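Working notes for the structure below.
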Amino acid sequence: MDNESKFNALAHKFKYRSPLWISDSDISKSSASQQGGLCNSDDSIGVRSSTDSSDSINNFLDTKIPEHHQSTASGFSDGDHPTDENNDDDDRAKTPLRSPRRKPRRLGRSEFSMDEEDYSPSNSVTSVNSLASLLKEKLQSIPQKIRKKPTDYKLRAFVGLMFLAVAFFVGFAYVLYHQQALTKAYYDNVQFNEPKRIIRIFNRDDHEILKATLAVGLEGKVKSYPCLPEDRRNDGSECLEWLHTLRFYLKCLPHDPGVDNTTCYSVHWKALRNDVYPNDCFDWTDTKVHWYGGAQSLNITWPLNTGSIDYTPFITGDIQKSQWSNVLSRYLINSKGAAIIIDEETPLQVSINSARKEICVRAKYDDFAYVNKLTEFPEMKYNICTSHDMKSLHSSIHNHRRAPLWDGLKPADMQTLESLISEPVWQIAPRFKHELQAETISQYTEDVINLGFLKQGHVLINEFWQNEIGDLSVDTNRFETLNITVDKLHRRGFKVAFTIQPFVSTESVNFAECVQRRLLISERNSDRRIPALTRFKSLASAGVLDITNNRSVPWILEKLEAVIDEYHIDSFYFDLGVAYDMPHYYECEKRLINPDQYKTLFTKTFEKTLNIIGVSSAVFLPRPPIFVSLPPFESSWEAMAMVIPAMLTYGVDGYPFVMPGAVGGDIYWPGSEQFLPFSKGFMETNMTNTTQENGIELPERELYIRWLQMATFLPVMKFTHLPSKYNDEKVLEMAKNLTSLRQKLITPLLLKYKREALEEGLPLIRPLWLVSGGDAALMVQDEFAIGDEIVVAPILNPGETTREVYLPAGLWQDGIDGSLRKGNRWMHEYKVPLERVAYFIRKPDDMRFK
């Protein structure tokens with residue numbers, strides 16, 4: 001049999017045998033073979049070939065073994081077998097083993113045959129040495145495979161991360177491209193993304209200062225279209241329309257860059273259906289800004305974005321009932337130099353949501369605040385103004401250069417303005433009508449004189465000078481000799497002011513006449529001869545004089561001039577109530593935009609004919625010397641803490657002259673009726689350490705002291721409770737020291753900044769961010785500045801004698817110990833004893849070097 005036949009027969013015999021279990025008899029049967037060896041299996045085990053193989057068989061094997069198995073070396077060769085130095089590399093080539101399950105190659109001879117002369121137990125694959133060698137090779141291969149796996153995993157992870165990164169950047173580029181493609185630029189600094197309805201405003205340095213989502217509530221990504229030619233305006237404005245839903249106008253307002261750096265854009269929304277309400281929300285998350293202005297509320301202090309209030313008609317109300325406060329302005333400004341000024345004809349509702357971090361303005365008619373529809377469907381108009389910083393923007397918007405507030409003021413008006421700043425206001429406001437008599441007024445002013453250190457000032461008498469609210473005549477039963485009393489007050493140096501209201505009690509002697517002459521506001525959708533009734537303070541039923549009726553103005557003036565002529569009254573204080581004091585179904589002879597327009601018309605009607613020192617409520621800046629008042633506050637620490645934020649907000653709103661409440665709290669405040677005693681006179685109590693005056697418990701001693709310290713630095717000092725009523729020498733001594741401080745330091749500064757307020761509209765009492773820049777000053781709500789020269793940090797919590805104080809940039813002199821302190825930093829645990837108040841006076845920066 002030739003060699004090829006022998007090889008094939010031997011290979012067929014070992015077709016399904018594992019190389020590790022070959023017996024000696026099997027090997028002896030193949031002893032005629034001249035070539036033997038092991039192929040690399042899946043475990044990569046192999047041995048060297050014999051040197052005695054014939055060339056013919058080798059040539060034959062070369063033709064039968066695949067090319068990729070003709071390896072010249074094995075990665076796992078048995079190092080215990082001696083090598084033949086005479087054999088070259090080609091003679092020691094290995095071939096891989098095949099798995100028994102795979103189809104065997106048809107070779108010419110067995111791969112396990114050996115020459116008989118070379119066979120020995122040591123050369124047998126079943127010998128101990130061979131098995132140990134194979135096992136050793138097996139064990140040596142394990143660490144190498146383990147070491148290879150982490151490399152494979154790292155490679156796979158790297159490839160996966162690269163794939164994700166490429167996918168992310170491709171997606172990001174796609175989104176960015178489409179955002180840019182769908183975002184249109186207007187007027188250089190305005191970008192509007194139409195599908196998302198997002199508008200972004202940039203300043204001249206390309207910093208985003210305002211971001212808003214427009215048409216909130218419009219379902220889905222409704223596509224907009226250019227307006228039809230007949231709906232466009234020829235004023236350079238852009239016009240877009242969401243079909244049968246909303247129409248949008250955007251325009252850049254002309255301005256003179258040489259005058260100021262303020263740029264304004266006009267936004268005008270028109271609803272095209274009854275069930276659509278223009279609604280824009282201004283976000284403070286991305287832009288990271290704080291908002292100021294507008295108004296105060298029970299849940300909102302300073303800045304506005306620290307609180308929350310749901311959509312509420314933007315009209316004056318009771319701050320204690322989660323309504324907007326008694327003084328407001330449709331003006332909002334943020335800390336990056338963007339402001340929103342909303343048109344007064346917009347039926348405005350405002351929402352502040354601290355959770356979603358947005359302020360929303362919405363136009364919507366209702367059945368009370370905006371019942372008079374000026375347009376068929378709601379419209380919202382406002383301006384967005386920008387500048388390079390917050391301070392310059394605020395100064396530009398409230399600047400009165402074109403129409404300064406002093407224009408047209410008489411010398412008497414300037415004297416009244418200065419006297420309100422330099423002299424106290426003595427508020428005589430008993431709870432019950434019978435408690436106010438001529439002797440009460442005379443005794444009160446005598447107690448003021450007996451103090452010896454306070455100036456006389458204005459004596460403000462509440463509405464109980466009348467028998468019933470609306471009489472507009474002195475109650476002669478309680479004031480038989482009021483003219484003598486007023487004359488005595490004048491000789492003592494006091495000025496006398498009466499409080500009047502536009503309300504007429506149904507018990508008043510004038511009510512029937514007003515009904516007959518149709519001088520009162522009537523009820524909507526009813527007979528015009530029937531007046532609309534409401535409640536006001538202690539009045540259970542009252543009508544309201546219709547100031548839009550030309551017949552009512554002469555009637556009121558006739559009544560008040562008679563009082564002035566007979567009793568020589570110096571001035572009046574207008575207690576106008578709030579919007580919610582109007583009858584719910586009110587209807588005037590001339591249609592009002594909203595109920596707050598009534599108080600604006602009432603004040604403007606008489607501000608030039610009557611001497612008015614203050615108004616209780618306002619939505620429009622009255623003519624000086626009229627001060628707007630803070631809402632009445634109860635006597636509590638919580639109420640005292642609301643005074644500074646309210647003062648700051650009203651100042652930012654454009655009211656430079658603000659009159660705070662009485663020191664220690666007001667006797668009457670909205671909602672206090674439930675706490676008033678029913679008996680007339682003294683209120684019984686079992687408390688032995690309670691100090692009372694006319695049946696009213698005096699404010700807590702520490703509260704009164706801290707309130708007095710704060711009020712010393714405010715534009716007007718108003719008293720109801722005199723410091724002498726505490727029968728405490730320390731309280732009197734402290735009041736005397738504070739009065740001296742005000743007369744020597746505070747009053748001259750207030751009078752100095754009075755002209756700046758008349759010229760530029762800047763408030764006398766300012767937030768710290770109007771004094772200097774810095775993020776820290778934006779959040780301070782318990783400090784204030786007089787102009788930019790004094791910073792005041794009063795104690796506002798009971799029992800505290802230390803507090804945190806922030807000083808704006810600059811050099812400041814400590815008002816307590818006289819030391820110099822560097823600004824632009826916080827002072828922690830600053831000590832403020834009960835008898836002292838923390839204040840700091842600005843000094844020149846180079847003072848320490850002189």
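Numbering starts fresh at 1 for the residues of each chain in the structure tokens, the chains themselves are lettered A, B, ... in the order given, and ligands are numbered from 1 as they appear.
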
Contacts of A:Arg803 at 12 Å (only C-alpha atoms; same-chain gap of 6+ positions) as a list in words: Asp782, Glu783, Ala793, Pro794, Ile795, Leu796, Asn797, Trp826, Met827, His828, Glu829, Tyr830, Lys831, Val832, Pro833, Val837 and Ala838 of chain A

Please identify the strand (DSSP E or B) residues within stretch 207-348 of chain A (assignment by DSSP from backbone atoms) and present them as a PyMOL selection string. chain A and resi 208-213+225-226+238-242+246-252+263-271+279-283+291-293+297+300+309-313+327+331-334+338-342+348

List the neighbours of A:Gly815 out to 9 Å using only C-alpha atoms; skip same-chain residues closer than 3 positions along the sequence, and give me the result as a list in words. Gly818, Ser819, Val837, Ala838, Tyr839, Phe840 and Ile841 of chain A

Residue contacts of stretch 590-592 of chain A (8 Å, only C-alpha atoms) excluding same-chain residues fewer than 6 positions away, as an NGL selection string: :A and (372 or 548-549 or 598)

Writing out the chosen residues with N, CA and C atoms as a PDB file, in the first residue's frame:
ATOM      1  N   ASN A 372     -65.932  96.747  31.547  1.00  0.00           N
ATOM      2  CA  ASN A 372     -66.143  97.650  30.414  1.00  0.00           C
ATOM      3  C   ASN A 372     -65.175  97.300  29.287  1.00  0.00           C
ATOM      4  N   THR A 548     -67.187 111.255  37.508  1.00  0.00           N
ATOM      5  CA  THR A 548     -67.275 111.505  36.068  1.00  0.00           C
ATOM      6  C   THR A 548     -68.504 112.328  35.716  1.00  0.00           C
ATOM      7  N   ASN A 549     -69.371 112.559  36.695  1.00  0.00           N
ATOM      8  CA  ASN A 549     -70.567 113.369  36.487  1.00  0.00           C
ATOM      9  C   ASN A 549     -70.196 114.837  36.725  1.00  0.00           C
ATOM     10  N   TYR A 598     -61.058 105.457  38.810  1.00  0.00           N
ATOM     11  CA  TYR A 598     -61.891 106.385  39.573  1.00  0.00           C
ATOM     12  C   TYR A 598     -61.037 107.226  40.512  1.00  0.00           C
TER      13      TYR A 598
END

Restricting the calculation to only C-alpha atoms: of A:Glu835, A:Glu219, A:Asp565, A:Asp407, which residue gets closest to A:Glu759?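 Smallest separation from A:Glu759 among the options: A:Asp407.
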
Grab the atom CA of A:Arg401 to atom CA of A:Ala339 distance for me, in Å with one decimal place. 19.6 Å

Quick one: everything within 10 Å of A:His244, counting only C-alpha atoms, minus sequence neighbours fewer than 5 positions away in the same chain. Send it as a PDB file with C-alpha atoms, in the first residue's frame.
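Dumped everything to around09.pdb:
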ATOM      1  CA  ALA A 271     -57.327  88.227  20.383  1.00  0.00           C
ATOM      2  CA  LEU A 272     -59.501  87.151  17.477  1.00  0.00           C
ATOM      3  CA  ARG A 273     -61.991  85.100  19.510  1.00  0.00           C
ATOM      4  CA  VAL A 276     -58.633  83.472  23.639  1.00  0.00           C
TER       5      VAL A 276
END

Counting only C-alpha atoms, what are the residues of stretch 361-456 of chain A within 12 Å of stretch 527-545 of chain A, and for each of them which pair of atoms is the nearest and at what distance in Å, to one decimal? Sort the table by chain and rising number, as a Markdown table.
| residue | atom | partner | partner_atom | distance |
| --- | --- | --- | --- | --- |
| A:Arg431 | CA | A:Ser538 | CA | 9.6 |
| A:Phe432 | CA | A:Ser538 | CA | 9.5 |
| A:Lys433 | CA | A:Ser538 | CA | 10.6 |

Write out as a PyMOL selection string each polymer residue whose atoms come within 6 Å of A:Val267, counting only C-alpha atoms; drop sequence neighbours fewer than 3 positions from it. chain A and resi 249-250+381-383

Could you give me, as a list in words, the residues within 9 Å of A:Gly761, counting only C-alpha atoms and dropping anything in the same chain fewer than 6 positions from it? Ser395, Ile397, His398, Asn399, His400, Pro404, Leu405, Gly654, Tyr655 and Pro656 of chain A
